[in-house]
Amino acid sequence: MPGPADPGAANCYIAIADNKLLTRRGAPWAPLDDSQRVALQLDVISQHYLGMLGGRACHVLECSPALRPGAGLEWFGLRSFLGRVDDSLFELLGRAQQVVTWHNDHRFCGRCGKPTEVHGRERAKLCRACNLQFYPRLSPCVITVISRGDQCLLARNSRFPQGYFSALAGFVEAGESAEQALRREVREEVGIDIENLRYFRSQPWPFPGQLMLGFHAEHAGGDICIDDEEIEEAHWFRFDRLPLVPQASTLSGQLIQHFVAQARARSKE
C-alpha cells in the first residue's frame, strides 16, 4: 500500500470528519489539491491512500470538524451526494468513508485487545501479538424486484417516508448463497415464494459497508403477508402506476427501471 502523499508528485484529497465530506458551499464537489490542503490548515488525524483520480494520487484525510472561519466550506453527509456526482466518483467517496471507518474500528485487536498497526502491503490492520488481520468490513446484501405479469412487488420500510416504496432487500447470512438469502428474505418479509431468479448487477453501498447484489425474480405463489417489523406496507404495482421510488443512482431504482422498460416493451407487442 502506498504511504503518505508525495510532496513532489500531484496529489488530491478527500477530507472527512464525523462521516461527513468537506465541500465548498454552493459549488460542485471537487477534491482538494496540495495548495488547498495547506491553505485550509486542516487538523488531520489520519491519512490513507485510495488510488488514482484523474492522474493524481488520491488520499482520504480524516480531520477534526473545526474549519477556518470564512473559508466557505461545509461538511455534508455522503447520502447528499447521491445523484449529484457520477457513479464512479460516488463509489470513490464511499470508499473513502469506509476506509476511515475501518481504520477507527480496528485500532485494537478483537481477539487479544492489543493495538494493531497498518499492514505494509495490504489494506489491512495487523495484530503483531496474535497475527490476526482485519480488512475493511464488507457485508453482502441481496435486493430484488419481484414481477407478476405487468406488476412488480414493492414495499415500504418502517423508516421510509409515507408513500415511498422500494425493492425488498436483506443481508446474506453465514452459510447462505445469495439465492438462498433472497428466497428467505422475501418469505420472511412478505410471505411469498419466488422463482426464476436472474442476477442483474451489483453496487457498493457504503452505509456503512454493504455490497448490494441485485436480482430480478418472479412470483411463484402465495399472498402478501408482511412481517409487521421492518415492512409496514407491500403491494403489487402496475409498471405505469408506480408510487414514489428510489432514484436511478441506486441499485433499487435501476432494478425498478429495468422492470418498467421490459414491461412497457411487452405491452407494445
# chains A, B, ... in the order shown; residues from 1 in each chain; ligands from 1
$ residues_around --residues "region 232-246 of chain A" --least-positions-apart "6" --cutoff "8 Å" --atoms "only C-alpha atoms" --output "PyMOL selection string"
chain A and resi 150-158+163-166+190+224+226+252-253+259-260+263-264
$ write_last_selection --atoms "N, CA and C atoms" --output "PDB file, in the first residue's frame"
ATOM      1  N   ASP A 150     -47.457  -7.788 -15.510  1.00  0.00           N
ATOM      2  CA  ASP A 150     -47.073  -6.381 -15.681  1.00  0.00           C
ATOM      3  C   ASP A 150     -47.016  -5.631 -14.354  1.00  0.00           C
ATOM      4  N   GLN A 151     -46.974  -6.377 -13.252  1.00  0.00           N
ATOM      5  CA  GLN A 151     -46.889  -5.770 -11.926  1.00  0.00           C
ATOM      6  C   GLN A 151     -45.574  -6.155 -11.258  1.00  0.00           C
ATOM      7  N   CYS A 152     -45.135  -5.312 -10.329  1.00  0.00           N
ATOM      8  CA  CYS A 152     -43.983  -5.654  -9.503  1.00  0.00           C
ATOM      9  C   CYS A 152     -44.342  -5.410  -8.041  1.00  0.00           C
ATOM     10  N   LEU A 153     -43.692  -6.151  -7.171  1.00  0.00           N
ATOM     11  CA  LEU A 153     -43.943  -6.023  -5.736  1.00  0.00           C
ATOM     12  C   LEU A 153     -42.928  -5.057  -5.142  1.00  0.00           C
ATOM     13  N   LEU A 154     -43.434  -4.009  -4.514  1.00  0.00           N
ATOM     14  CA  LEU A 154     -42.587  -3.041  -3.821  1.00  0.00           C
ATOM     15  C   LEU A 154     -43.089  -2.893  -2.392  1.00  0.00           C
ATOM     16  N   ALA A 155     -42.187  -2.540  -1.499  1.00  0.00           N
ATOM     17  CA  ALA A 155     -42.533  -2.467  -0.082  1.00  0.00           C
ATOM     18  C   ALA A 155     -42.070  -1.150   0.525  1.00  0.00           C
ATOM     19  N   ARG A 156     -42.719  -0.780   1.606  1.00  0.00           N
ATOM     20  CA  ARG A 156     -42.344   0.422   2.353  1.00  0.00           C
ATOM     21  C   ARG A 156     -41.812   0.014   3.707  1.00  0.00           C
ATOM     22  N   ASN A 157     -40.565   0.293   3.926  1.00  0.00           N
ATOM     23  CA  ASN A 157     -39.919   0.041   5.205  1.00  0.00           C
ATOM     24  C   ASN A 157     -40.447   1.021   6.251  1.00  0.00           C
ATOM     25  N   SER A 158     -40.374   0.627   7.493  1.00  0.00           N
ATOM     26  CA  SER A 158     -40.851   1.494   8.572  1.00  0.00           C
ATOM     27  C   SER A 158     -40.061   2.794   8.673  1.00  0.00           C
ATOM     28  N   GLY A 163     -45.696   6.945   1.454  1.00  0.00           N
ATOM     29  CA  GLY A 163     -45.821   6.959   0.004  1.00  0.00           C
ATOM     30  C   GLY A 163     -44.586   6.538  -0.763  1.00  0.00           C
ATOM     31  N   TYR A 164     -43.480   6.255  -0.061  1.00  0.00           N
ATOM     32  CA  TYR A 164     -42.219   5.893  -0.711  1.00  0.00           C
ATOM     33  C   TYR A 164     -42.028   4.380  -0.597  1.00  0.00           C
ATOM     34  N   PHE A 165     -41.829   3.731  -1.760  1.00  0.00           N
ATOM     35  CA  PHE A 165     -41.683   2.270  -1.799  1.00  0.00           C
ATOM     36  C   PHE A 165     -40.388   1.898  -2.513  1.00  0.00           C
ATOM     37  N   SER A 166     -39.868   0.715  -2.181  1.00  0.00           N
ATOM     38  CA  SER A 166     -38.616   0.271  -2.770  1.00  0.00           C
ATOM     39  C   SER A 166     -38.638  -1.241  -2.943  1.00  0.00           C
ATOM     40  N   VAL A 190     -42.459 -10.698   3.218  1.00  0.00           N
ATOM     41  CA  VAL A 190     -43.778 -10.542   2.588  1.00  0.00           C
ATOM     42  C   VAL A 190     -44.527 -11.858   2.401  1.00  0.00           C
ATOM     43  N   ILE A 224     -49.405 -11.808  -0.239  1.00  0.00           N
ATOM     44  CA  ILE A 224     -48.599 -10.899   0.577  1.00  0.00           C
ATOM     45  C   ILE A 224     -49.041 -10.965   2.033  1.00  0.00           C
ATOM     46  N   ILE A 226     -47.153  -9.290   5.313  1.00  0.00           N
ATOM     47  CA  ILE A 226     -45.968  -8.566   5.777  1.00  0.00           C
ATOM     48  C   ILE A 226     -45.574  -8.991   7.186  1.00  0.00           C
ATOM     49  N   SER A 252     -31.651  -0.209  -6.340  1.00  0.00           N
ATOM     50  CA  SER A 252     -33.095  -0.403  -6.274  1.00  0.00           C
ATOM     51  C   SER A 252     -33.792   0.329  -7.414  1.00  0.00           C
ATOM     52  N   GLY A 253     -33.418   1.591  -7.616  1.00  0.00           N
ATOM     53  CA  GLY A 253     -34.005   2.362  -8.697  1.00  0.00           C
ATOM     54  C   GLY A 253     -33.703   1.769 -10.060  1.00  0.00           C
ATOM     55  N   PHE A 259     -37.307  -3.256 -14.853  1.00  0.00           N
ATOM     56  CA  PHE A 259     -38.598  -3.938 -14.907  1.00  0.00           C
ATOM     57  C   PHE A 259     -39.600  -3.133 -15.727  1.00  0.00           C
ATOM     58  N   VAL A 260     -39.665  -1.827 -15.480  1.00  0.00           N
ATOM     59  CA  VAL A 260     -40.608  -0.960 -16.197  1.00  0.00           C
ATOM     60  C   VAL A 260     -40.341  -0.996 -17.699  1.00  0.00           C
ATOM     61  N   ALA A 263     -41.531  -4.348 -19.078  1.00  0.00           N
ATOM     62  CA  ALA A 263     -42.992  -4.450 -19.061  1.00  0.00           C
ATOM     63  C   ALA A 263     -43.612  -3.560 -20.117  1.00  0.00           C
ATOM     64  N   ARG A 264     -43.053  -2.367 -20.284  1.00  0.00           N
ATOM     65  CA  ARG A 264     -43.575  -1.449 -21.307  1.00  0.00           C
ATOM     66  C   ARG A 264     -43.367  -2.028 -22.705  1.00  0.00           C
TER      67      ARG A 264
END
$ residues_around --residues "Phe81 (chain A)" --least-positions-apart "6" --cutoff "12 Å" --atoms "only C-alpha atoms" --output "list in words"
Lys20, Leu21, Leu22, Thr23, Pro28, Trp29, Ala30, Trp75, Asp87, Ser88, Leu89, Phe90, Glu91, Leu92, Leu93, Gly94, Ser249 and Thr250 of chain A
$ closest_residue --among "A:Gly149, A:Asp33, A:Lys125, A:Leu67" --to "Arg266 (chain A)" --atoms "only C-alpha atoms"
A:Gly149
$ residues_around --residues "region 168-185 of chain A" --least-positions-apart "3" --cutoff "7 Å" --atoms "only C-alpha atoms" --output "ChimeraX atom specification"
/A:140-145,154-155,188-189,193-194
$ select_by_dssp --residues "region 59-242 of chain A" --states "alpha helix (DSSP H)" --output "PyMOL selection string"
chain A and resi 87-105+178-190
$ atom_distance --atom1 "CA of Gln262 (chain A)" --atom2 "CA of Ser147 (chain A)"
10.8 Å
$ residues_around --residues "Asp18 (chain A)" --least-positions-apart "2" --cutoff "8 Å" --atoms "only C-alpha atoms" --output "ChimeraX atom specification"
/A:16,20,64-65
$ write_last_selection --atoms "N, CA and C atoms" --output "mmCIF file, in the first residue's frame"
data_model
loop_
_atom_site.group_PDB
_atom_site.id
_atom_site.type_symbol
_atom_site.label_atom_id
_atom_site.label_comp_id
_atom_site.auth_asym_id
_atom_site.auth_seq_id
_atom_site.Cartn_x
_atom_site.Cartn_y
_atom_site.Cartn_z
ATOM 1 N N ILE A 16 -12.656 14.172 5.370
ATOM 2 C CA ILE A 16 -13.814 13.615 6.074
ATOM 3 C C ILE A 16 -13.684 13.911 7.561
ATOM 4 N N LYS A 20 -18.680 12.890 7.486
ATOM 5 C CA LYS A 20 -19.160 13.898 6.546
ATOM 6 C C LYS A 20 -18.002 14.377 5.685
ATOM 7 N N SER A 64 -10.461 16.676 12.120
ATOM 8 C CA SER A 64 -11.388 17.184 13.127
ATOM 9 C C SER A 64 -12.334 18.148 12.413
ATOM 10 N N PRO A 65 -13.572 18.290 12.890
ATOM 11 C CA PRO A 65 -14.570 19.059 12.139
ATOM 12 C C PRO A 65 -14.381 20.570 12.145
#
$ residues_around --residues "Gln47 (chain A)" --least-positions-apart "2" --cutoff "8 Å" --atoms "only C-alpha atoms" --output "PyMOL selection string"
chain A and resi 4+44-45+49+59-62
$ closest_residue --among "A:Cys130, A:Arg84, A:Gly222, A:Glu195" --to "Cys112 (chain A)" --atoms "only C-alpha atoms"
A:Cys130
$ residues_around --residues "Cys127 (chain A)" --least-positions-apart "4" --cutoff "8 Å" --atoms "only C-alpha atoms" --output "PDB file with C-alpha atoms, in the first residue's frame"
ATOM      1  CA  PHE A 108      -7.241  -2.732  18.728  1.00  0.00           C
ATOM      2  CA  CYS A 109      -7.352  -6.458  18.124  1.00  0.00           C
ATOM      3  CA  LYS A 114      -3.533  -5.376  21.724  1.00  0.00           C
ATOM      4  CA  PRO A 115      -3.047  -2.324  19.448  1.00  0.00           C
ATOM      5  CA  THR A 116      -2.981  -3.004  15.723  1.00  0.00           C
ATOM      6  CA  GLU A 117      -0.801  -1.465  13.046  1.00  0.00           C
ATOM      7  CA  ASN A 131      -1.061 -12.351  13.933  1.00  0.00           C
ATOM      8  CA  LEU A 132      -4.749 -11.601  13.271  1.00  0.00           C
ATOM      9  CA  GLN A 133      -5.579  -9.331  10.335  1.00  0.00           C
TER      10      GLN A 133
END
$ atom_distance --atom1 "CA of Arg201 (chain A)" --atom2 "CA of Leu213 (chain A)"
6.3 Å
$ select_by_dssp --residues "region 90-210 of chain A" --states "strand (DSSP E or B)" --output "JSON, numbers by chain"
{"A": [108, 115, 117, 118, 125, 126, 133, 134, 139, 140, 141, 142, 143, 144, 145, 146, 147, 148, 151, 152, 153, 154, 155, 156, 157, 164, 166, 168, 169, 170, 171, 193, 194, 195, 196, 197, 198, 199, 200, 201, 202, 203, 204, 205, 210]}
$ atom_distance --atom1 "CA of Arg198 (chain A)" --atom2 "CA of Ile256 (chain A)"
14.0 Å
